[in-house]
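Here is the structure we will look at.
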Amino acid sequence: MVRGVEAVSTLFWIVLLSIFPWIRMSINLKKNLTLNATPWNVNYPVAKITDGYYGPFDTGSCMAAIAVNSAAWWQGTLPRKARIQKIDIVFRIPDRADGFALWISNDTGIPSGIKCYEDVDAGYPNLTQNITSCNRTGQRVMIIITRTPPKEAYMDVCEVDVYGNL
């Protein structure tokens with residue numbers, strides 16, 4: 001009986017999407033991203049951000065970088081503009097994620113475009129973030145962490161999932 005229900009549900013979605021072609025399912029776009037970041041620690045490379053490994057967080061499973069001039073950043077660039085609907089982030093250390101901001105952009109400036117989310121709550125953010133306020137069209141997703149010198153900014157991110165439609 002359960003298999004029959006699953007088949008009917010799948011058939012329903014296939015028919016619905018064929019009748020209304022403008023309805024597009026949101027998919028994880030992370031394999032389409034070209035990655036760039038503040039110069040990173042070679043033991044914690046930027047490629048780890050989209051490798052699908054969500055923990056536990058040992059050496060080499062996350063990206064880590066430090067910025068001495070007040071802002072650390074990560075940028076994922078899609079091959080063309082996409083409708084971005086949701087961004088999930090897994091940070092490695094909560095105090096290093098404090099005050100992070102998300103930007104969606106169509107150009108290469110850091111930061112540039114529209115700041116669609118900023119952690120302004122008191123206390124440290126959760127290690128896992130599910131951001132839906134960045135529902136907009138753009139080609140680049142940026143995470144930026146700013147600190148006032150002499151405090152250093154760290155980019156310690158273990159995974160980023162960008163959901164939307166290309």
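Chain lettering (A, B, ...) mirrors the order of the structure tokens, residue numbering begins at 1 for each chain separately, and ligand numbering begins at 1 in order of display.
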Task: Residues within 8 Å of Ala72 of chain A, only C-alpha atoms, excluding chain neighbours under 6 positions, as a list in words - done: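 Near Ala72 of chain A, the qualifying residues are Ala37, Thr38, Ala65, Ile66, Ile144, Ile145, Thr146, Ala153, Tyr154 and Met155 of chain A.
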TODO: Excluding Lys48 of chain A and any residue of its chain fewer than 4 positions from it, enumerate the residues within 9 Å of it, using only C-alpha atoms, and give them as JSON, numbers by chain.
DONE: {"A": [44, 52, 53, 60, 61, 62, 63, 157, 158, 159]}
Export, as a short mmCIF file (atom, residue, chain, number, x, y, z; two decimals), in the first residue's frame, the selected residues with N, CA, C and O atoms.
data_model
loop_
_atom_site.label_atom_id
_atom_site.label_comp_id
_atom_site.auth_asym_id
_atom_site.auth_seq_id
_atom_site.Cartn_x
_atom_site.Cartn_y
_atom_site.Cartn_z
N TYR A 44 42.78 23.43 5.76
CA TYR A 44 41.33 23.61 5.75
C TYR A 44 40.94 24.30 4.44
O TYR A 44 40.55 25.47 4.43
N GLY A 52 29.97 17.98 0.77
CA GLY A 52 28.90 17.14 1.29
C GLY A 52 29.18 16.49 2.63
O GLY A 52 28.38 15.71 3.12
N TYR A 53 30.29 16.84 3.26
CA TYR A 53 30.64 16.27 4.56
C TYR A 53 30.22 17.24 5.65
O TYR A 53 30.75 18.34 5.74
N GLY A 60 40.74 19.24 8.21
CA GLY A 60 40.53 19.00 6.79
C GLY A 60 39.09 18.84 6.36
O GLY A 60 38.82 18.69 5.18
N SER A 61 38.13 18.86 7.28
CA SER A 61 36.73 18.68 6.87
C SER A 61 35.99 20.00 6.71
O SER A 61 34.86 20.00 6.28
N CYS A 62 36.64 21.11 7.04
CA CYS A 62 36.03 22.43 6.93
C CYS A 62 37.01 23.38 6.27
O CYS A 62 38.20 23.11 6.16
N MET A 63 36.53 24.53 5.86
CA MET A 63 37.37 25.60 5.35
C MET A 63 37.70 26.53 6.50
O MET A 63 36.85 26.80 7.34
N VAL A 157 33.94 27.62 8.03
CA VAL A 157 32.70 27.10 7.49
C VAL A 157 32.94 25.66 7.04
O VAL A 157 33.93 25.37 6.38
N CYS A 158 32.01 24.79 7.40
CA CYS A 158 32.15 23.37 7.05
C CYS A 158 31.34 22.96 5.83
O CYS A 158 31.74 22.07 5.10
N GLU A 159 30.21 23.61 5.61
CA GLU A 159 29.39 23.24 4.45
C GLU A 159 28.45 24.38 4.10
O GLU A 159 27.95 25.07 4.99
#
Open item on the list: Among segment 20-162 of chain A, which residues does DSSP mark as strand (DSSP E) when it is run on the backbone? Keep the chain and numbering as in the structure and answer as JSON, numbers by chain.
Closed with: {"A": [27, 28, 34, 35, 36, 37, 63, 64, 65, 66, 67, 71, 72, 73, 74, 75, 76, 77, 78, 79, 80, 81, 82, 83, 84, 85, 86, 87, 88, 89, 90, 91, 101, 102, 103, 104, 105, 114, 115, 116, 117, 118, 128, 129, 130, 131, 136, 137, 138, 139, 140, 141, 142, 143, 144, 145, 146, 153, 154, 155, 156, 157, 158, 159, 160, 161, 162]}
Open item on the list: For Ile27 of chain A, find every residue with an atom within 7 Å (counting only C-alpha atoms), except residues of its own chain fewer than 2 positions away, and show them as a list in words.
Closed with: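 In the requested form, the answer reads Met25, Leu29, Tyr163, Gly164 and Asn165 of chain A.
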Go ahead and write the residues just picked, C-alpha atoms, as a PDB file, in the first residue's frame.
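After the write, again-v6.pdb holds the following:
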ATOM      1  CA  MET A  25      11.644  22.657  -8.114  1.00  0.00           C
ATOM      2  CA  LEU A  29      23.274  24.225  -6.705  1.00  0.00           C
ATOM      3  CA  TYR A 163      19.106  25.915  -3.202  1.00  0.00           C
ATOM      4  CA  GLY A 164      17.393  27.431  -6.195  1.00  0.00           C
ATOM      5  CA  ASN A 165      16.929  27.229  -9.969  1.00  0.00           C
TER       6      ASN A 165
END
Task: Close residues, Asn126 of chain A itself excluded, 10 Å, only C-alpha atoms, min 6 positions apart in chain, as JSON, numbers by chain - done: {"A": [89, 90, 91, 93, 94, 95, 97, 98]}
Task: atom CA of Pro111 of chain A to atom CA of Trp73 of chain A, distance in Å rounded to a single decimal - done: 8.5 Å
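Relative to atom CA of Asp121 of chain A, atom CA of Ala64 of chain A is found at 23.4 Å.
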